[in-house]
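K.L.:
I have a structure here, written as structure tokens, and I will follow up with some questions on it.
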Amino acid sequence: MRFWHKILLAVITLFIAALDISVIMVMKKSWQLNMESETRRAASEQLLIANNIFENLDSIRARGNPLTPVLLASVAESYGDYYGKQGIGLELRENGRLIYPGAGERNAAVQEVQLIRMSMPLPAPYQQLELTYTRDISGLHRQQRELNRFFVMINWISGPVLALLLFLMIKRLTKPLKELSETTKTIAEGDYSNRVNLHSKDEFGEVAVNFNRMASVVEQRMNELSDMAEEKQRMVDNLAHELRTPLTSMQGFAELLTSANIGREDQMKAGSYIRSETLRLKNLAFKLLDLSVLRHHPLVLTEVDVARLFETVVQTEQLQLTGNGIPLETDCSIRRVWGDADLLAAYLVNLIDNAIRASAAGSQVRLLAYEQDGEAVLEVSDSGSGMTAEQCKQAFEPFYRADPARSRVYGNAGLGLSLCRQIAEAHEARVGLNSVPGEGTTVRIFLQLFNN
Amino acid sequence: MAYILVVEDEQPISDLITMNLKLVGHTYSKAYSGPEAIERLGRERTDLILLDVMLPGLDGFEVMQQIHHLRIPVILITARNALADRIKGFELGADDYIIKPFEILELLARINVVLRRNEVTAASFVCDDVEVRFPERQVRVDQVPVDLTAREFELLEVLIRNRNIALSREKLLELAWGYDYAGDTRTVDVHIRQLRKKLGWEERIKTVFKLGYRLEVQV
């Protein structure tokens with residue numbers, strides 16, 4: 001049974017019951033009141049007639065005439081005729097003996113009539129006389145029957161009308177429920193972008209708002225999960241590629257050396273390829289190991305002298321920089337930061353390697369340290385090829401290369417920035433990457449100043 | 001033999017493939033990116049493409065879409081072993097699919113299968129005074145037909161297709177006799193001896209110490 005069925009049935013039953021009970025009670029009360037007033041009227045009329053008869057009898061007695069039954073009957077008759085026209089019957093009894101039976105015998109004979117019948121003795125000294133008053137109240141009964149019929153008719157009509165109106169109203173009121181239910185169904189089927197389109201201010205509206213909030217949280221989580229899964233998949237693909245490529249060369253050249261009929265020169269070439277690919281695999285293994293170690297071992301931060309750090313980095317990179325014809329500008333305006341000197345050096349070296357790869361000969365690379373909003377900033381920037389927003393988003397992923405063709409010539413595995421991210425995370429530091437295609441790239445790390 | 005375009009951005013692998021192609025007598029050219037491959041295909045008449053999937057510029061699948069109209073057989077080479085990738089490759093019309101790391105003999109075998117299917121294998125092979133005609137399965141020495149058994153001819157063909165590469169006795173059994181042959185590796189020695197004697201190739205078919213046999217031909 002649907003919710004609206006239940007409401008409809010319950011409301012109709014309750015309403016009709018309440019209506020009927022109250023109408024029946026009102027009718028009963030009104031019948032009672034009518035009867036009372038009719039009875040009162042009858043009683044006062046009876047009293048009036050009795051008094052009149054009493055006065056007549058008094059005046060007859062005063063004139064000295066005896067009160068014979070015939071005389072009494074004629075007096076009663078004169079009243080009986082008069083009131084008979086108004087539907088009121090009179091009877092007069094003397095000591096229980098009927099002396100005037102009333103005018104309108106015909107009425108009683110023709111049909112069953114409802115009557116009020118009251119008897120009272122006349123005032124003294126005629127107390128042996130008893131006046132019986134009857135009043136026809138079938139009109140009142142007819143009226144009551146008419147009312148009853150009307151009431152039943154109203155019941156027959158108002159029931160269906162009420163049902164129809166209720167149906168429309170409930171349909172309208174439970175429409176949001178239907179909408180909610182349909183939306184939840186689509187979401188349950190996996191369409192997380194769906195939302196309830198409901199703007200009422202009642203409880204349904206509240207439910208809809210909360211539901212939509214829940215749906216967006218779920219959607220966000222799902223997107224995060226699928227992004228993560230995608231990143232993992234990319235990483236696995238890339239790792240496979242990074243492992244398979246040198247392995248293919250090593251295996252192939254080894255086969256060539258052992259089984260093929262090749263000249264001295266080709267033998268040398270094969271041997272040197274085996275060596276360089278072994279180195280490549282070794283580098284990859286060590287970088288992966290570094291990443292893993294960083295991930296699993298908490299760092300002990302110490303005081304790091306920035307100037308000395310820069311010196312180490314410049315020494316390491318000197319050969320690469322001059323070899324590629326790229327000048328390095330350093331500027332250091334802070335003295336000490338919290339960190340791990342070796343890891344920070346590795347971080348900067350990786351970034352400068354990237355900057356060198358992105359830069360053409362003669363274009364400058366800058367290595368800066370300065371204070372900003374109470375934080376120490378180490379910045380490496382270049383005026384090289386830059387990256388698109390899309391590339392920036394993936395730049396920190398393991399094995400990601402902005403330009404695969406170019407980077408691979410340098411034998412790098414695409415782990416540099418990934419390592420940088422790990423180092424920053426180990427320092428609990430933020431890393432900011434700004435890059436504009438064609439204009440260059442800036443990478444900043446925000447560290448704690450030592451004096452803090 | 002065939003003219004093969006090797007599209008591979010990894011210098012070592014590209015060199016590895018081409019050195020082996022040279023050994024067995026194919027000619028080749030190299031491309032290191034998708035656009036370069038397309039440009040070369042526009043210029044050179046090519047019998048077969050060895051196409052890496054992960055390429056700079058255009059990836060292998062995109063290259064396949066663009067050169068579809070040329071109807072050149074393609075063998076995809078990739079480091080990714082995903083079923084979806086393989087299906088995509090075949091749907092785009094690849095003739096075969098080989099996954100890194102691969103054995104060179106396997107690559108050469110697949111190349112031969114694709115070339116034979118597309119009827120671009122050489123009909124004959126000549127060395128010294130020996131002429132081998134593959135369609136007729138005939139061998140002549142000094143224009144005089146020599147009688148070879150069916151198995152001897154199979155073995156000879158395997159040696160020629162993989163010339164300059166040493167093949168182990170097991171490999172020869174597998175390639176010339178078939179996977180299900182349960183014979184002794186000494187069978188190979190017997191047949192090799194027969195071939196040497198019938199063709200006068202005592203010097204050409206070398207015994208490689210601890211390995212097997214190699215047909216040595218000037219590259």
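Please note that chains go A, B, ... in the order of the structure tokens, that every chain numbers its residues from 1, and that ligands are numbered from 1 in the order shown.
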Could you list, with a cut-off of 12 Å and counting only C-alpha atoms, the residues of segment 39-105 of chain B near segment 118-125 of chain B, each shown with its nearest atom pair and the distance in Å rounded to one decimal, rows sorted by chain and ascending number, as CSV?
P.N.:
residue,atom,partner,partner_atom,distance
B:Thr46,CA,B:Val120,CA,10.4
B:Asp47,CA,B:Val120,CA,7.0
B:Leu48,CA,B:Val120,CA,9.1
B:Arg71,CA,B:Asn118,CA,10.4
B:Ile72,CA,B:Asn118,CA,9.1
B:Pro73,CA,B:Asn118,CA,7.6
B:Val74,CA,B:Asn118,CA,10.9
B:Asp95,CA,B:Asn118,CA,9.8
K.L.:
Mind dumping the selected residues with all heavy atoms as an mmCIF file, in the first residue's frame?
P.N.:
data_model
loop_
_atom_site.group_PDB
_atom_site.id
_atom_site.type_symbol
_atom_site.label_atom_id
_atom_site.label_comp_id
_atom_site.auth_asym_id
_atom_site.auth_seq_id
_atom_site.Cartn_x
_atom_site.Cartn_y
_atom_site.Cartn_z
ATOM 1 N N THR B 46 56.952 0.986 -48.193
ATOM 2 C CA THR B 46 57.291 0.179 -47.024
ATOM 3 C C THR B 46 56.489 -1.115 -47.036
ATOM 4 O O THR B 46 55.317 -1.118 -47.374
ATOM 5 C CB THR B 46 56.964 0.977 -45.747
ATOM 6 O OG1 THR B 46 57.630 2.227 -45.826
ATOM 7 C CG2 THR B 46 57.411 0.249 -44.501
ATOM 8 N N ASP B 47 57.172 -2.235 -46.693
ATOM 9 C CA ASP B 47 56.483 -3.530 -46.688
ATOM 10 C C ASP B 47 55.815 -3.805 -45.348
ATOM 11 O O ASP B 47 54.808 -4.506 -45.281
ATOM 12 C CB ASP B 47 57.481 -4.655 -46.977
ATOM 13 C CG ASP B 47 58.054 -4.541 -48.376
ATOM 14 O OD1 ASP B 47 57.266 -4.252 -49.297
ATOM 15 O OD2 ASP B 47 59.261 -4.725 -48.541
ATOM 16 N N LEU B 48 56.425 -3.285 -44.257
ATOM 17 C CA LEU B 48 55.932 -3.625 -42.923
ATOM 18 C C LEU B 48 56.334 -2.521 -41.950
ATOM 19 O O LEU B 48 57.401 -1.929 -42.081
ATOM 20 C CB LEU B 48 56.545 -4.968 -42.479
ATOM 21 C CG LEU B 48 56.286 -5.420 -41.036
ATOM 22 C CD1 LEU B 48 54.831 -5.804 -40.865
ATOM 23 C CD2 LEU B 48 57.192 -6.587 -40.670
ATOM 24 N N ARG B 71 47.297 0.701 -46.245
ATOM 25 C CA ARG B 71 47.194 -0.760 -46.199
ATOM 26 C C ARG B 71 48.553 -1.434 -46.067
ATOM 27 O O ARG B 71 48.856 -2.415 -46.761
ATOM 28 C CB ARG B 71 46.464 -1.307 -47.430
ATOM 29 C CG ARG B 71 45.118 -0.669 -47.673
ATOM 30 C CD ARG B 71 44.145 -1.568 -48.400
ATOM 31 N NE ARG B 71 42.792 -1.038 -48.300
ATOM 32 C CZ ARG B 71 42.021 -1.226 -47.242
ATOM 33 N NH1 ARG B 71 42.463 -1.934 -46.222
ATOM 34 N NH2 ARG B 71 40.806 -0.714 -47.205
ATOM 35 N N ILE B 72 49.381 -0.912 -45.183
ATOM 36 C CA ILE B 72 50.674 -1.537 -44.917
ATOM 37 C C ILE B 72 50.525 -2.385 -43.665
ATOM 38 O O ILE B 72 49.933 -1.931 -42.688
ATOM 39 C CB ILE B 72 51.754 -0.460 -44.698
ATOM 40 C CG1 ILE B 72 51.850 0.423 -45.938
ATOM 41 C CG2 ILE B 72 53.098 -1.096 -44.374
ATOM 42 C CD1 ILE B 72 52.718 1.637 -45.747
ATOM 43 N N PRO B 73 51.018 -3.646 -43.682
ATOM 44 C CA PRO B 73 50.904 -4.466 -42.474
ATOM 45 C C PRO B 73 51.640 -3.827 -41.293
ATOM 46 O O PRO B 73 52.699 -3.216 -41.483
ATOM 47 C CB PRO B 73 51.557 -5.793 -42.849
ATOM 48 C CG PRO B 73 51.986 -5.679 -44.256
ATOM 49 C CD PRO B 73 51.597 -4.372 -44.810
ATOM 50 N N VAL B 74 51.053 -3.971 -40.086
ATOM 51 C CA VAL B 74 51.616 -3.343 -38.892
ATOM 52 C C VAL B 74 51.766 -4.393 -37.791
ATOM 53 O O VAL B 74 50.855 -5.167 -37.543
ATOM 54 C CB VAL B 74 50.688 -2.216 -38.387
ATOM 55 C CG1 VAL B 74 51.205 -1.678 -37.051
ATOM 56 C CG2 VAL B 74 50.593 -1.085 -39.399
ATOM 57 N N ASP B 95 48.341 -6.357 -37.623
ATOM 58 C CA ASP B 95 48.471 -7.749 -38.019
ATOM 59 C C ASP B 95 48.939 -8.606 -36.866
ATOM 60 O O ASP B 95 48.640 -9.802 -36.798
ATOM 61 C CB ASP B 95 49.463 -7.887 -39.183
ATOM 62 C CG ASP B 95 48.848 -7.395 -40.474
ATOM 63 O OD1 ASP B 95 48.660 -6.172 -40.583
ATOM 64 O OD2 ASP B 95 48.535 -8.229 -41.341
#
K.L.:
What are the residues of chain B that have an atom within 9 Å of an atom of chain A, counting only C-alpha atoms, as number ranges by chain?
P.N.:
B: 9-13, 15-17, 19-20, 23, 32-33, 54-57, 78-81, 99-104, 163-167, 208, 211-212, 214-217
K.L.:
Could you turn the residues from that selection into a file that holds N, CA, C and O atoms, as a short mmCIF file (atom, residue, chain, number, x, y, z; two decimals), in the first residue's frame?
P.N.:
data_model
loop_
_atom_site.label_atom_id
_atom_site.label_comp_id
_atom_site.auth_asym_id
_atom_site.auth_seq_id
_atom_site.Cartn_x
_atom_site.Cartn_y
_atom_site.Cartn_z
N ASP B 9 60.64 5.15 -30.06
CA ASP B 9 61.33 6.35 -29.57
C ASP B 9 62.49 6.02 -28.65
O ASP B 9 63.29 6.88 -28.33
N GLU B 10 62.57 4.76 -28.20
CA GLU B 10 63.69 4.38 -27.35
C GLU B 10 64.86 3.99 -28.25
O GLU B 10 64.83 2.94 -28.90
N GLN B 11 65.91 4.80 -28.21
CA GLN B 11 67.07 4.55 -29.07
C GLN B 11 67.60 3.12 -28.93
O GLN B 11 67.80 2.44 -29.95
N PRO B 12 67.81 2.60 -27.71
CA PRO B 12 68.39 1.24 -27.60
C PRO B 12 67.53 0.19 -28.28
O PRO B 12 68.04 -0.67 -28.99
N ILE B 13 66.21 0.28 -28.08
CA ILE B 13 65.34 -0.75 -28.66
C ILE B 13 65.30 -0.61 -30.17
O ILE B 13 65.31 -1.61 -30.91
N ASP B 15 67.67 0.47 -32.06
CA ASP B 15 68.92 -0.10 -32.57
C ASP B 15 68.92 -1.63 -32.49
O ASP B 15 69.37 -2.30 -33.42
N LEU B 16 68.39 -2.14 -31.38
CA LEU B 16 68.34 -3.59 -31.21
C LEU B 16 67.54 -4.24 -32.34
O LEU B 16 67.99 -5.21 -32.96
N ILE B 17 66.39 -3.67 -32.63
CA ILE B 17 65.53 -4.25 -33.67
C ILE B 17 66.21 -4.16 -35.03
O ILE B 17 66.29 -5.14 -35.78
N MET B 19 69.38 -3.83 -35.81
CA MET B 19 70.56 -4.69 -35.95
C MET B 19 70.15 -6.11 -36.30
O MET B 19 70.79 -6.77 -37.13
N ASN B 20 69.07 -6.59 -35.69
CA ASN B 20 68.60 -7.94 -36.00
C ASN B 20 67.99 -8.03 -37.38
O ASN B 20 68.16 -9.03 -38.08
N LEU B 23 70.74 -8.36 -39.79
CA LEU B 23 71.35 -9.69 -39.76
C LEU B 23 70.62 -10.67 -40.66
O LEU B 23 71.23 -11.47 -41.34
N TYR B 32 61.38 8.11 -34.97
CA TYR B 32 61.41 8.17 -33.51
C TYR B 32 60.14 8.80 -32.92
O TYR B 32 60.00 8.93 -31.72
N SER B 33 59.23 9.23 -33.81
CA SER B 33 57.99 9.82 -33.29
C SER B 33 56.86 9.55 -34.28
O SER B 33 57.11 9.15 -35.42
N MET B 54 53.55 3.65 -27.30
CA MET B 54 53.81 4.90 -26.58
C MET B 54 54.86 5.71 -27.31
O MET B 54 56.07 5.44 -27.21
N LEU B 55 54.39 6.68 -28.08
CA LEU B 55 55.29 7.48 -28.90
C LEU B 55 55.06 8.96 -28.60
O LEU B 55 53.94 9.35 -28.29
N PRO B 56 56.07 9.77 -28.70
CA PRO B 56 55.82 11.21 -28.59
C PRO B 56 55.12 11.72 -29.85
O PRO B 56 55.21 11.11 -30.91
N GLY B 57 54.44 12.82 -29.71
CA GLY B 57 53.73 13.41 -30.85
C GLY B 57 52.38 12.76 -31.03
O GLY B 57 51.38 13.22 -30.52
N THR B 78 54.64 -3.01 -27.72
CA THR B 78 54.25 -2.19 -26.58
C THR B 78 54.70 -2.79 -25.26
O THR B 78 54.94 -3.99 -25.16
N ALA B 79 54.80 -1.92 -24.26
CA ALA B 79 55.15 -2.39 -22.92
C ALA B 79 53.89 -2.68 -22.14
O ALA B 79 53.93 -3.20 -21.05
N ARG B 80 52.75 -2.32 -22.71
CA ARG B 80 51.50 -2.51 -21.96
C ARG B 80 50.82 -3.79 -22.36
O ARG B 80 50.58 -4.05 -23.53
N ASN B 81 50.49 -4.59 -21.38
CA ASN B 81 49.93 -5.90 -21.65
C ASN B 81 48.42 -5.91 -21.44
O ASN B 81 47.84 -6.95 -21.22
N ILE B 99 54.76 -7.91 -27.05
CA ILE B 99 54.89 -7.18 -25.80
C ILE B 99 56.33 -7.18 -25.31
O ILE B 99 56.99 -8.23 -25.30
N LYS B 100 56.80 -6.01 -24.90
CA LYS B 100 58.14 -5.90 -24.32
C LYS B 100 58.13 -6.51 -22.92
O LYS B 100 57.18 -6.29 -22.19
N PRO B 101 59.14 -7.19 -22.47
CA PRO B 101 60.33 -7.54 -23.25
C PRO B 101 60.06 -8.77 -24.13
O PRO B 101 59.39 -9.69 -23.70
N PHE B 102 60.58 -8.73 -25.34
CA PHE B 102 60.33 -9.85 -26.26
C PHE B 102 61.67 -10.49 -26.64
O PHE B 102 62.74 -9.89 -26.50
N GLU B 103 61.59 -11.73 -27.11
CA GLU B 103 62.80 -12.37 -27.63
C GLU B 103 62.92 -12.01 -29.08
O GLU B 103 61.92 -11.98 -29.81
N ILE B 104 64.15 -11.77 -29.50
CA ILE B 104 64.37 -11.36 -30.88
C ILE B 104 63.86 -12.42 -31.86
O ILE B 104 63.22 -12.10 -32.87
N ARG B 163 69.04 -16.17 -40.43
CA ARG B 163 70.47 -16.30 -40.70
C ARG B 163 71.26 -15.30 -39.85
O ARG B 163 70.74 -14.28 -39.42
N ASN B 164 72.49 -15.71 -39.61
CA ASN B 164 73.41 -14.93 -38.78
C ASN B 164 73.04 -14.93 -37.30
O ASN B 164 73.66 -14.26 -36.50
N ILE B 165 71.98 -15.67 -36.97
CA ILE B 165 71.62 -15.78 -35.55
C ILE B 165 71.74 -17.24 -35.17
O ILE B 165 71.26 -18.12 -35.88
N ALA B 166 72.40 -17.48 -34.03
CA ALA B 166 72.56 -18.87 -33.60
C ALA B 166 71.24 -19.39 -33.06
O ALA B 166 70.56 -18.71 -32.31
N LEU B 167 70.89 -20.60 -33.50
CA LEU B 167 69.64 -21.21 -33.02
C LEU B 167 70.00 -22.48 -32.27
O LEU B 167 70.78 -23.30 -32.76
N VAL B 208 77.89 -23.48 -33.29
CA VAL B 208 78.26 -22.50 -32.28
C VAL B 208 78.38 -23.23 -30.96
O VAL B 208 77.44 -23.90 -30.52
N LEU B 211 75.80 -23.81 -28.06
CA LEU B 211 74.55 -23.13 -28.38
C LEU B 211 73.75 -23.89 -29.43
O LEU B 211 72.64 -24.34 -29.17
N GLY B 212 74.33 -24.02 -30.60
CA GLY B 212 73.57 -24.69 -31.65
C GLY B 212 74.20 -24.41 -33.00
O GLY B 212 75.42 -24.52 -33.14
N ARG B 214 74.31 -21.95 -36.73
CA ARG B 214 74.06 -20.62 -37.28
C ARG B 214 74.43 -20.66 -38.75
O ARG B 214 75.51 -21.15 -39.11
N LEU B 215 73.55 -20.13 -39.59
CA LEU B 215 73.88 -19.98 -41.01
C LEU B 215 74.54 -18.62 -41.17
O LEU B 215 73.93 -17.59 -40.89
N GLU B 216 75.79 -18.61 -41.57
CA GLU B 216 76.52 -17.34 -41.66
C GLU B 216 76.58 -16.87 -43.09
O GLU B 216 77.05 -17.58 -43.97
N VAL B 217 76.03 -15.68 -43.29
CA VAL B 217 75.98 -15.10 -44.63
C VAL B 217 76.50 -13.68 -44.50
O VAL B 217 76.24 -13.01 -43.50
#
K.L.:
Tell me which protein, DNA and RNA residues are within 10 Å of Val158 of chain B, counting only C-alpha atoms, leaving out same-chain ones fewer than 5 positions away, and put them as a PyMOL selection string.
P.N.:
chain B and resi 109+152-153+163+167+171-172+175-176+215
K.L.:
Store the residues of this selection in a file with all heavy atoms, as a short mmCIF file (atom, residue, chain, number, x, y, z; two decimals), in the first residue's frame.
P.N.:
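Written out: again13.cif:
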data_model
loop_
_atom_site.label_atom_id
_atom_site.label_comp_id
_atom_site.auth_asym_id
_atom_site.auth_seq_id
_atom_site.Cartn_x
_atom_site.Cartn_y
_atom_site.Cartn_z
N ALA B 109 60.19 -14.22 -36.06
CA ALA B 109 59.20 -15.20 -36.50
C ALA B 109 57.88 -14.51 -36.84
O ALA B 109 57.26 -14.79 -37.87
CB ALA B 109 58.98 -16.25 -35.40
N GLU B 152 64.21 -31.58 -44.15
CA GLU B 152 65.46 -30.88 -44.45
C GLU B 152 65.17 -29.50 -45.03
O GLU B 152 65.83 -28.51 -44.69
CB GLU B 152 66.32 -31.70 -45.42
CG GLU B 152 67.08 -32.83 -44.75
CD GLU B 152 67.60 -33.86 -45.75
OE1 GLU B 152 67.45 -33.64 -46.98
OE2 GLU B 152 68.15 -34.87 -45.30
N PHE B 153 64.15 -29.44 -45.88
CA PHE B 153 63.81 -28.13 -46.46
C PHE B 153 63.30 -27.17 -45.39
O PHE B 153 63.67 -26.00 -45.35
CB PHE B 153 62.77 -28.29 -47.58
CG PHE B 153 62.56 -27.02 -48.34
CD1 PHE B 153 63.40 -26.69 -49.41
CD2 PHE B 153 61.58 -26.11 -47.97
CE1 PHE B 153 63.24 -25.50 -50.09
CE2 PHE B 153 61.41 -24.92 -48.65
CZ PHE B 153 62.24 -24.62 -49.72
N ARG B 163 69.04 -16.17 -40.43
CA ARG B 163 70.47 -16.30 -40.70
C ARG B 163 71.26 -15.30 -39.85
O ARG B 163 70.74 -14.28 -39.42
CB ARG B 163 70.74 -16.09 -42.19
CG ARG B 163 70.26 -14.77 -42.77
CD ARG B 163 70.51 -14.80 -44.28
NE ARG B 163 69.98 -13.63 -44.97
CZ ARG B 163 68.76 -13.55 -45.49
NH1 ARG B 163 67.90 -14.55 -45.34
NH2 ARG B 163 68.39 -12.47 -46.13
N LEU B 167 70.89 -20.60 -33.50
CA LEU B 167 69.64 -21.21 -33.02
C LEU B 167 70.00 -22.48 -32.27
O LEU B 167 70.78 -23.30 -32.76
CB LEU B 167 68.74 -21.55 -34.22
CG LEU B 167 68.31 -20.34 -35.05
CD1 LEU B 167 67.89 -20.78 -36.43
CD2 LEU B 167 67.19 -19.60 -34.37
N LYS B 171 65.41 -24.91 -30.23
CA LYS B 171 64.69 -23.89 -31.01
C LYS B 171 64.45 -24.41 -32.43
O LYS B 171 63.38 -24.23 -32.99
CB LYS B 171 65.53 -22.61 -31.03
CG LYS B 171 64.73 -21.38 -31.37
CD LYS B 171 63.96 -20.93 -30.15
CE LYS B 171 62.87 -19.96 -30.55
NZ LYS B 171 62.02 -19.62 -29.39
N LEU B 172 65.48 -25.06 -32.98
CA LEU B 172 65.35 -25.59 -34.34
C LEU B 172 64.27 -26.67 -34.39
O LEU B 172 63.47 -26.71 -35.32
CB LEU B 172 66.69 -26.16 -34.82
CG LEU B 172 67.72 -25.08 -35.20
CD1 LEU B 172 69.09 -25.71 -35.40
CD2 LEU B 172 67.27 -24.36 -36.48
N LEU B 175 60.99 -24.85 -34.30
CA LEU B 175 60.64 -24.08 -35.49
C LEU B 175 60.47 -24.96 -36.73
O LEU B 175 59.59 -24.72 -37.55
CB LEU B 175 61.70 -23.01 -35.77
CG LEU B 175 61.78 -21.87 -34.74
CD1 LEU B 175 62.98 -20.98 -35.01
CD2 LEU B 175 60.50 -21.05 -34.74
N ALA B 176 61.30 -25.99 -36.88
CA ALA B 176 61.26 -26.79 -38.10
C ALA B 176 60.39 -28.03 -37.96
O ALA B 176 59.80 -28.50 -38.92
CB ALA B 176 62.68 -27.18 -38.52
N LEU B 215 73.55 -20.13 -39.59
CA LEU B 215 73.88 -19.98 -41.01
C LEU B 215 74.54 -18.62 -41.17
O LEU B 215 73.93 -17.59 -40.89
CB LEU B 215 72.60 -20.06 -41.85
CG LEU B 215 72.77 -19.76 -43.35
CD1 LEU B 215 73.70 -20.79 -44.01
CD2 LEU B 215 71.43 -19.74 -44.06
#
K.L.:
What does the distance from atom CA of Leu447 of chain A to atom CA of Pro327 of chain A come to in Å, to one decimal?
P.N.:
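Answer for the atom CA of Leu447 of chain A to atom CA of Pro327 of chain A separation: 25.9 Å.
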K.L.:
Which distance in Å separates atom CA of Phe209 of chain B and atom CA of Ser168 of chain B, to one decimal?
P.N.:
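According to the coordinates, atom CA of Phe209 of chain B and atom CA of Ser168 of chain B are separated by 10.2 Å.
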K.L.:
I'd like the interatomic distance between atom CA of Met387 of chain A and atom CA of Glu36 of chain B, to a tenth of an Å.
P.N.:
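Going from atom CA of Met387 of chain A over to atom CA of Glu36 of chain B covers 23.2 Å.
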K.L.:
Name the residues of segment 18-216 of chain A that come out as strand (DSSP E) in a backbone DSSP run; write them as a PyMOL selection string.
P.N.:
chain A and resi 88-94+97-100+115-121+129-136
K.L.:
For Val304 of chain A, list every protein, DNA or RNA residue within 8 Å, evaluated using only C-alpha atoms, and leave out those in the same chain fewer than 2 positions away; present the list as a PyMOL selection string.
P.N.:
chain A and resi 302+306+309+336-341+450
